[in-house]
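Structure file input_5.txt with compact mmCIF, C-alpha atoms and all ligand atoms:
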```
# COMPACT_ATOMS: atom_id res chain seq x y z
CA MET A 287 27.62 34.28 77.84
CA THR A 288 27.10 37.85 76.61
CA ILE A 289 28.82 39.42 73.63
CA ARG A 290 30.50 41.81 76.05
CA GLU A 291 32.11 38.88 77.87
CA ILE A 292 33.31 37.49 74.54
CA GLN A 293 34.80 40.86 73.69
CA LYS A 294 36.68 40.94 77.00
CA ILE A 295 37.90 37.34 76.79
CA LEU A 296 39.24 37.86 73.28
CA ASP A 297 40.42 41.39 74.01
CA ALA A 298 38.58 42.32 70.84
CA LYS A 299 37.84 45.62 69.20
CA VAL A 300 34.18 46.43 68.55
CA CYS A 301 33.76 47.30 64.86
CA CYS A 302 30.02 47.84 65.08
CA GLY A 303 27.04 47.08 67.31
CA GLU A 304 28.35 48.74 70.48
CA GLU A 305 24.76 49.06 71.73
CA LEU A 306 24.10 45.32 71.37
CA LEU A 307 26.91 43.98 73.56
CA ASP A 308 24.63 42.77 76.34
CA ARG A 309 22.96 40.23 74.09
CA GLU A 310 23.22 36.60 75.06
CA VAL A 311 25.08 34.07 72.93
CA HIS A 312 24.09 30.41 73.31
CA THR A 313 26.47 28.60 71.01
CA ALA A 314 29.60 29.13 68.95
CA CYS A 315 31.06 28.07 65.65
CA GLY A 316 34.53 28.59 64.18
CA SER A 317 34.69 28.20 60.41
CA ASP A 318 35.89 29.72 57.18
CA LEU A 319 33.46 27.61 55.18
CA MET A 320 30.18 29.42 54.88
CA SER A 321 28.28 26.35 53.65
CA ASP A 322 29.24 24.51 56.83
CA VAL A 323 27.93 27.40 58.84
CA LEU A 324 24.71 27.32 56.82
CA ALA A 325 24.39 23.59 57.44
CA PHE A 326 25.00 23.37 61.15
CA VAL A 327 24.74 26.56 63.13
CA LYS A 328 22.00 26.79 65.75
CA ASP A 329 20.28 29.77 67.31
CA GLN A 330 21.87 32.86 68.84
CA ALA A 331 25.33 31.88 67.79
CA VAL A 332 28.63 33.67 67.60
CA LEU A 333 30.63 32.92 64.47
CA LEU A 334 34.41 33.09 64.58
CA THR A 335 35.96 33.31 61.15
CA GLY A 336 39.04 34.32 59.23
CA LEU A 337 36.89 34.98 56.21
CA CYS A 338 36.53 38.73 56.01
CA ASN A 339 34.20 39.42 53.09
CA PRO A 340 30.58 40.49 52.53
CA GLN A 341 29.50 36.84 52.29
CA ALA A 342 30.50 36.27 55.91
CA ILE A 343 28.05 39.03 56.86
CA ARG A 344 25.37 37.64 54.54
CA THR A 345 25.78 34.18 56.00
CA ALA A 346 25.47 35.59 59.50
CA GLU A 347 22.33 37.39 58.39
CA MET A 348 20.73 34.25 56.95
CA MET A 349 21.44 32.30 60.14
CA ASP A 350 20.39 35.04 62.57
CA ILE A 351 23.87 34.95 64.02
CA VAL A 352 24.20 37.65 66.67
CA CYS A 353 27.94 38.24 66.64
CA LEU A 354 30.75 37.81 64.16
CA VAL A 355 34.36 37.66 65.36
CA PHE A 356 37.11 38.23 62.83
CA VAL A 357 40.27 36.52 64.01
CA ARG A 358 43.89 37.53 63.30
CA SER A 359 43.15 41.26 63.32
CA LYS A 360 41.03 41.24 60.20
CA VAL A 361 38.78 44.29 59.99
CA PRO A 362 35.60 44.73 57.96
CA THR A 363 35.25 47.25 55.16
CA GLU A 364 32.80 50.14 55.39
CA THR A 365 30.33 48.26 53.15
CA MET A 366 30.48 45.23 55.42
CA VAL A 367 29.90 47.35 58.50
CA GLU A 368 26.87 48.94 56.86
CA LEU A 369 25.48 45.53 55.98
CA ALA A 370 26.05 44.36 59.55
CA ARG A 371 24.33 47.43 61.01
CA GLU A 372 21.26 46.85 58.86
CA ASN A 373 21.04 43.40 60.39
CA ASP A 374 21.78 44.20 64.04
CA LEU A 375 24.94 42.18 63.88
CA VAL A 376 27.84 42.88 66.22
CA ILE A 377 31.29 42.64 64.65
CA LEU A 378 34.36 42.09 66.79
CA SER A 379 37.96 41.90 65.68
CA THR A 380 40.62 40.12 67.72
CA GLU A 381 44.38 39.84 67.29
CA LEU A 382 44.17 36.19 68.30
CA ALA A 383 44.13 33.39 65.74
CA MET A 384 41.23 30.97 65.32
CA PHE A 385 42.45 28.16 67.59
CA PRO A 386 43.26 30.23 70.69
CA SER A 387 40.10 32.28 70.21
CA CYS A 388 37.89 29.19 70.21
CA GLY A 389 39.92 27.68 73.04
CA LEU A 390 39.51 30.69 75.28
CA LEU A 391 35.77 30.86 74.74
CA TYR A 392 35.40 27.14 75.36
CA GLU A 393 37.50 27.38 78.50
CA ASN A 394 35.16 30.09 79.73
CA GLY A 395 32.14 27.89 79.30
CA LEU A 396 30.84 28.57 75.80
CA ARG A 397 29.95 25.42 73.86
CA GLY A 398 29.43 24.57 70.21
CA GLY A 399 26.50 22.81 68.62
CA SER A 400 25.91 19.08 68.85
CA ARG A 401 27.59 16.40 66.78
CA ILE A 402 26.29 15.84 63.30
CA MET B 224 -4.17 32.30 43.93
CA SER B 225 -5.48 35.64 45.17
CA ASP B 226 -3.44 35.76 48.38
CA ALA B 227 -0.13 35.06 46.68
CA ILE B 228 2.66 37.60 46.48
CA VAL B 229 5.05 37.10 43.59
CA LEU B 230 8.55 38.58 43.62
CA LYS B 231 11.13 38.40 40.86
CA TYR B 232 14.87 38.89 41.20
CA ASP B 233 17.67 39.15 38.68
CA VAL B 234 20.81 37.69 40.17
CA PRO B 235 23.89 39.33 38.65
CA GLY B 236 26.49 36.80 37.62
CA ASP B 237 29.61 38.90 37.74
CA ASP B 238 29.55 40.30 41.25
CA PHE B 239 30.15 37.88 44.09
CA THR B 240 29.94 40.63 46.69
CA ARG B 241 26.28 41.18 45.81
CA ALA B 242 25.31 37.52 46.02
CA GLY B 243 22.65 37.16 48.69
CA GLU B 244 20.77 40.40 48.06
CA ALA B 245 17.68 38.57 46.81
CA SER B 246 17.66 36.15 49.76
CA SER B 247 18.16 39.03 52.15
CA ASP B 248 15.20 40.88 50.66
CA ILE B 249 12.94 37.82 50.93
CA LYS B 250 14.03 37.21 54.49
CA GLN B 251 13.10 40.77 55.48
CA LYS B 252 9.73 40.55 53.75
CA LEU B 253 8.85 37.27 55.46
CA LYS B 254 9.85 38.76 58.80
CA GLN B 255 7.56 41.74 58.23
CA MET B 256 4.75 39.36 57.35
CA GLY B 257 5.15 37.58 60.67
CA ILE B 258 6.10 34.19 59.20
CA PRO B 259 7.47 31.75 61.84
CA PRO B 260 11.26 32.20 62.32
CA GLU B 261 12.04 28.53 61.66
CA ALA B 262 10.36 28.71 58.23
CA ILE B 263 12.15 31.98 57.45
CA ARG B 264 15.47 30.39 58.28
CA LYS B 265 14.75 27.45 55.98
CA VAL B 266 13.83 29.78 53.12
CA ALA B 267 16.85 32.00 53.75
CA ILE B 268 19.36 29.15 53.76
CA SER B 269 18.01 27.29 50.75
CA MET B 270 17.56 30.39 48.65
CA TYR B 271 20.93 31.83 49.61
CA GLU B 272 22.74 28.64 48.60
CA GLY B 273 20.82 28.67 45.32
CA GLU B 274 21.68 32.28 44.72
CA ILE B 275 25.36 31.63 45.43
CA ASN B 276 25.31 28.71 42.98
CA MET B 277 23.87 30.94 40.27
CA VAL B 278 26.69 33.40 40.82
CA ILE B 279 29.62 30.99 41.07
CA HIS B 280 28.53 28.34 38.58
CA ALA B 281 26.06 29.88 36.13
CA HIS B 282 26.86 33.59 35.46
CA GLY B 283 23.69 34.64 37.28
CA GLY B 284 20.01 33.91 36.71
CA GLN B 285 16.47 34.69 37.76
CA ILE B 286 14.64 33.82 40.95
CA THR B 287 10.86 33.91 41.24
CA VAL B 288 9.43 33.65 44.73
CA GLU B 289 5.78 33.12 45.44
CA ILE B 290 4.57 33.66 48.99
CA THR B 291 1.16 32.24 49.90
CA PRO B 292 -0.48 31.90 53.32
CA GLU B 293 0.74 28.29 53.42
CA ASP B 294 4.20 28.30 51.93
CA VAL B 295 7.06 29.93 50.02
CA ASP B 296 7.75 28.64 46.54
CA MET B 297 11.14 29.39 44.99
CA LEU B 298 11.98 28.90 41.35
CA LEU B 299 15.60 29.44 40.37
CA VAL B 300 16.35 29.48 36.67
CA ASP B 301 19.72 30.00 35.02
CA HIS B 302 21.17 29.61 31.56
CA GLY B 303 24.60 28.56 32.71
CA PRO B 304 26.61 25.49 31.71
CA GLY B 305 24.20 23.00 33.27
CA ILE B 306 25.06 19.91 35.30
CA ALA B 307 26.06 16.67 33.57
CA ASP B 308 25.52 14.30 36.51
CA ILE B 309 22.94 15.57 38.98
CA SER B 310 23.24 12.71 41.47
CA GLN B 311 26.98 13.36 41.69
CA ALA B 312 26.36 17.10 42.14
CA MET B 313 23.93 16.34 44.97
CA GLN B 314 26.56 14.46 46.97
CA ALA B 315 27.83 16.27 50.04
CA GLY B 316 31.36 17.46 49.35
CA PHE B 317 31.22 17.29 45.56
CA SER B 318 32.25 20.56 43.99
CA THR B 319 33.71 21.85 40.76
CA ALA B 320 34.20 25.32 42.21
CA PRO B 321 37.58 26.86 41.39
CA GLU B 322 40.12 27.64 44.08
CA ASP B 323 39.34 31.37 44.18
CA VAL B 324 35.71 30.60 45.07
CA ARG B 325 36.89 28.42 47.94
CA GLY B 326 38.93 31.32 49.20
CA LEU B 327 35.66 33.24 49.45
CA GLY B 328 34.13 30.68 51.79
CA PHE B 329 32.11 28.68 49.26
CA GLY B 330 32.75 25.70 47.06
CA ALA B 331 32.65 23.09 49.83
CA GLY B 332 30.09 21.06 47.94
CA MET B 333 27.42 21.54 50.60
CA GLY B 334 25.13 23.90 48.70
CA LEU B 335 22.79 21.46 46.96
CA PRO B 336 22.67 19.13 50.01
CA ASN B 337 21.80 22.14 52.17
CA MET B 338 19.06 23.19 49.77
CA LYS B 339 17.56 19.71 49.83
CA LYS B 340 17.87 19.50 53.60
CA TYR B 341 16.21 22.83 54.38
CA SER B 342 13.41 22.83 51.80
CA ASP B 343 10.28 20.69 52.17
CA ASP B 344 10.03 20.04 48.41
CA PHE B 345 13.13 20.05 46.24
CA SER B 346 13.63 19.30 42.59
CA ILE B 347 16.41 20.07 40.15
CA GLU B 348 16.53 19.79 36.38
CA SER B 349 19.53 20.53 34.28
CA GLU B 350 20.77 20.20 30.74
CA VAL B 351 24.37 20.69 29.74
CA GLY B 352 24.75 23.82 27.63
CA VAL B 353 21.19 24.94 28.35
CA GLY B 354 20.94 25.68 32.06
CA THR B 355 19.63 24.61 35.43
CA THR B 356 16.27 24.96 37.15
CA VAL B 357 15.82 24.42 40.86
CA HIS B 358 12.38 24.36 42.42
CA MET B 359 11.97 24.50 46.19
CA LYS B 360 9.11 24.90 48.60
CA VAL B 361 9.07 25.62 52.31
CA ARG B 362 5.80 25.15 54.17
CA PHE B 363 4.86 27.16 57.25
N1 LIG C 1 23.31 26.45 38.90
C1 LIG C 1 24.30 25.61 38.59
N2 LIG C 1 24.82 25.58 37.33
C2 LIG C 1 25.81 24.74 37.01
N3 LIG C 1 26.37 23.87 37.87
C3 LIG C 1 25.90 23.84 39.13
C4 LIG C 1 24.86 24.71 39.56
N4 LIG C 1 24.59 24.44 40.86
C5 LIG C 1 25.43 23.47 41.23
N5 LIG C 1 26.23 23.10 40.19
C6 LIG C 1 27.24 22.02 40.17
O1 LIG C 1 27.02 21.16 41.29
C7 LIG C 1 28.17 21.15 42.14
C8 LIG C 1 27.74 21.03 43.60
O2 LIG C 1 26.99 22.19 44.00
P1 LIG C 1 26.95 22.58 45.53
O3 LIG C 1 26.47 21.41 46.30
O4 LIG C 1 26.15 23.84 45.66
O5 LIG C 1 28.45 22.80 45.91
P2 LIG C 1 29.44 24.01 45.57
O6 LIG C 1 28.61 25.16 45.07
O7 LIG C 1 30.09 24.30 46.87
O8 LIG C 1 30.39 23.52 44.53
C9 LIG C 1 28.89 22.43 41.81
O9 LIG C 1 30.26 22.39 42.14
C10 LIG C 1 28.65 22.55 40.32
O10 LIG C 1 29.51 21.68 39.61
MG MG C 2 26.95 25.81 46.09
```
Write the structure described by the file as structure tokens, please.
Amino acid sequence: MTIREIQKILDAKVCCGEELLDREVHTACGSDLMSDVLAFVKDQAVLLTGLCNPQAIRTAEMMDIVCLVFVRSKVPTETMVELARENDLVILSTELAMFPSCGLLYENGLRGGSRI
Amino acid sequence: MSDAIVLKYDVPGDDFTRAGEASSDIKQKLKQMGIPPEAIRKVAISMYEGEINMVIHAHGGQITVEITPEDVDMLLVDHGPGIADISQAMQAGFSTAPEDVRGLGFGAGMGLPNMKKYSDDFSIESEVGVGTTVHMKVRF
């Protein structure tokens, strides 16, 4: 699935990374716990989170996450956007909550990582 | 060793928003050096967790990173409160982090386990009232 498809499915606003929307995403993770993300996320992932702070961007950077989706209409600050741009990270913001967001992506064929 | 690059970072203890700057810098340097992505990811995760711990538990500290052609060696030293029971601290899920830190996405008690999991060598020494030293190595 491409980031553009994710954006359409979640009817999300693009906060930054407009030029990177055709990138492929292989796996997804929905979490507000950054240590869990650091422990389990695999390559070329999209991270859905309600945690809207610079550490969400940093975590995405460390894990080479390609796209961050803020659920429940959360929007990044200017500093966060700058940090994301430096790291070629796409940020989307959707009005949907975490559960329906994950559900919609799953329904459209995107899968998460394996069991622990 | 002649081929080693040594980098030193001061991790500020009072500013959670800046936590991760040192790890980010190392990650970029390793990328420029053409180090294999899997090794970079292991360094990034273990160092980032260590950096976060310095900020949330120890009022900051110093990180010294040595990059050689074979590996990355990370030494994290702080003069925070120290850890009374290291084996308890190493358990997945154990955390003394306050509620506000949890609200920031950390404090799930996975930091030390992650550091051990992603580094090839891991050791931790700590003395209550003196500080904590974590030593990690990732081989290419
Ligand atoms: N540098 C440190 N200084 C003092 N205590 C620490 C330090 N690092 C870890 N700890 C202690 O070990 C516990 C577990 O650490 P960790 O696994 O990283 O989980 P978390 O940071 O989410 O609490 C911490 O809650 C804290 O009590
Ligand atoms: Mg921790």
If we count all atoms listed in the file, which residues of chain B reach to within 9 Å of chain A? Please list them as JSON, numbers by chain. {"B": [239, 240, 241, 242, 243, 244, 246, 247, 250, 263, 264, 267, 268, 271, 272, 325, 326, 327, 328, 329, 330, 331, 332, 333, 334, 336, 337, 340, 341]}
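Selecting by distance to (26.6, 48.5, 61.8) with a limit of 12 Å and using only C-alpha atoms, one obtains Val300, Cys301, Cys302, Gly303, Glu304, Glu305, Leu306, Ile343, Cys353, Leu354, Pro362, Thr363, Glu364, Thr365, Met366, Val367, Glu368, Leu369, Ala370, Arg371, Glu372, Asn373, Asp374, Leu375, Val376, Ile377 and Leu378 of chain A.
Shortest atom-to-atom contact with ligand LIG 1 (chain C) among B:Ser346, B:Asn276, B:Ser310, B:Thr291: B:Asn276, counting only C-alpha atoms and all ligand atoms.
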Suppose you want the space between CA of Val288 (chain B) and CA of Val357 (chain B); what is it in Å? 11.9 Å
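The closest residue to ligand MG 2 (chain C), picked from B:Gly354, B:Gly273, B:Pro235, B:Pro304 and counting only C-alpha atoms and all ligand atoms, is B:Gly273.
Candidate residues B:Leu299, B:Met338, B:Gln285, B:Asp237 were compared for distance to ligand MG 2 (chain C), and the nearest is B:Met338, using all atoms listed in the file.
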Determine, counting all atoms listed in the file, every residue of protein, DNA or RNA that lies within 12 Å of (30.0, 18.1, 31.6) in the file coordinates, then give the result as a compact mmCIF listing (two decimals) with C-alpha atoms, in the coordinates of the input.
```
# COMPACT_ATOMS: atom_id res chain seq x y z
CA GLY B 303 24.60 28.56 32.71
CA PRO B 304 26.61 25.49 31.71
CA GLY B 305 24.20 23.00 33.27
CA ILE B 306 25.06 19.91 35.30
CA ALA B 307 26.06 16.67 33.57
CA ASP B 308 25.52 14.30 36.51
CA ILE B 309 22.94 15.57 38.98
CA GLN B 311 26.98 13.36 41.69
CA ALA B 312 26.36 17.10 42.14
CA THR B 319 33.71 21.85 40.76
CA SER B 349 19.53 20.53 34.28
CA GLU B 350 20.77 20.20 30.74
CA VAL B 351 24.37 20.69 29.74
CA GLY B 352 24.75 23.82 27.63
CA VAL B 353 21.19 24.94 28.35
CA GLY B 354 20.94 25.68 32.06
```
All residues 9 Å or closer to Ser342 (chain B), all atoms listed in the file, same chain fewer than 2 positions away omitted, as a VMD selection string: chain B and resid 265 to 266 268 to 269 337 to 340 344 to 345 359 to 362
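The coordinates place CA of Ala346 (chain A) at 17.8 Å from CA of Gln293 (chain A).
For the pair CA of Ile249 (chain B) and CA of Gly236 (chain B), the interatomic distance is 19.0 Å.
Minimum atom-to-atom distance to ligand LIG 1 (chain C), evaluated using only C-alpha atoms and all ligand atoms, belongs to B:Leu335 out of B:Ile279, B:Leu335, B:Leu230, B:Val324.
Minimum distance to ligand MG 2 (chain C) across B:Val300, B:Met270, B:Ile258, B:Ala245 (counting all atoms listed in the file) occurs at B:Met270.
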So, counting all atoms listed in the file, which residue among A:Gly398, A:Leu391, A:Leu334, A:Gly316 is closest to Thr288 (chain A)? A:Leu391
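Neighbouring residues of Met287 (chain A) at 12 Å or closer, counting all atoms listed in the file and skipping chain neighbours under 5 positions away, are Ile292, Gln293, Lys294, Ile295, Leu307, Asp308, Arg309, Glu310, Val311, His312, Thr313, Ala314, Gln330, Ala331, Val332, Cys353, Leu391, Tyr392, Asn394, Gly395, Leu396 and Arg397 of chain A.
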Saved region 298-345 of chain B from the preceding structure, C-alpha atoms, as an mmCIF file, in the first residue's frame:
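Saved the output as out25.cif:
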```cif
data_model
loop_
_atom_site.group_PDB
_atom_site.id
_atom_site.type_symbol
_atom_site.label_atom_id
_atom_site.label_comp_id
_atom_site.auth_asym_id
_atom_site.auth_seq_id
_atom_site.Cartn_x
_atom_site.Cartn_y
_atom_site.Cartn_z
ATOM 1 C CA LEU B 298 29.358 4.503 26.891
ATOM 2 C CA LEU B 299 26.561 6.264 28.752
ATOM 3 C CA VAL B 300 27.486 7.836 32.060
ATOM 4 C CA ASP B 301 25.212 9.758 34.397
ATOM 5 C CA HIS B 302 25.365 11.039 37.947
ATOM 6 C CA GLY B 303 21.700 10.544 38.675
ATOM 7 C CA PRO B 304 20.081 8.663 41.564
ATOM 8 C CA GLY B 305 21.382 5.253 40.503
ATOM 9 C CA ILE B 306 19.488 1.962 40.480
ATOM 10 C CA ALA B 307 19.085 -0.067 43.676
ATOM 11 C CA ASP B 308 18.111 -3.386 42.092
ATOM 12 C CA ILE B 309 19.469 -3.804 38.580
ATOM 13 C CA SER B 310 17.901 -7.205 37.876
ATOM 14 C CA GLN B 311 14.496 -5.750 38.743
ATOM 15 C CA ALA B 312 15.152 -2.718 36.519
ATOM 16 C CA MET B 313 16.062 -5.044 33.652
ATOM 17 C CA GLN B 314 12.691 -6.796 33.762
ATOM 18 C CA ALA B 315 10.364 -5.964 30.890
ATOM 19 C CA GLY B 316 7.585 -3.753 32.199
ATOM 20 C CA PHE B 317 9.332 -2.568 35.353
ATOM 21 C CA SER B 318 9.331 1.201 35.586
ATOM 22 C CA THR B 319 9.514 3.898 38.215
ATOM 23 C CA ALA B 320 8.727 6.603 35.682
ATOM 24 C CA PRO B 321 6.161 9.138 36.897
ATOM 25 C CA GLU B 322 2.776 9.502 35.237
ATOM 26 C CA ASP B 323 3.736 12.612 33.250
ATOM 27 C CA VAL B 324 6.553 10.684 31.554
ATOM 28 C CA ARG B 325 4.083 7.973 30.553
ATOM 29 C CA GLY B 326 1.938 10.639 28.981
ATOM 30 C CA LEU B 327 4.916 11.438 26.770
ATOM 31 C CA GLY B 328 5.087 7.900 25.401
ATOM 32 C CA PHE B 329 7.826 6.518 27.645
ATOM 33 C CA GLY B 330 7.973 4.813 30.992
ATOM 34 C CA ALA B 331 6.655 1.442 29.805
ATOM 35 C CA GLY B 332 9.621 -0.340 31.339
ATOM 36 C CA MET B 333 10.907 -1.551 27.977
ATOM 37 C CA GLY B 334 13.975 0.677 27.694
ATOM 38 C CA LEU B 335 16.631 -1.465 29.366
ATOM 39 C CA PRO B 336 15.243 -4.698 27.819
ATOM 40 C CA ASN B 337 15.333 -3.009 24.409
ATOM 41 C CA MET B 338 18.911 -1.889 24.954
ATOM 42 C CA LYS B 339 19.963 -5.409 25.884
ATOM 43 C CA LYS B 340 18.036 -6.892 22.976
ATOM 44 C CA TYR B 341 19.462 -4.615 20.288
ATOM 45 C CA SER B 342 23.092 -4.384 21.415
ATOM 46 C CA ASP B 343 25.574 -7.223 20.930
ATOM 47 C CA ASP B 344 27.364 -6.503 24.227
ATOM 48 C CA PHE B 345 25.519 -4.919 27.118
#
```
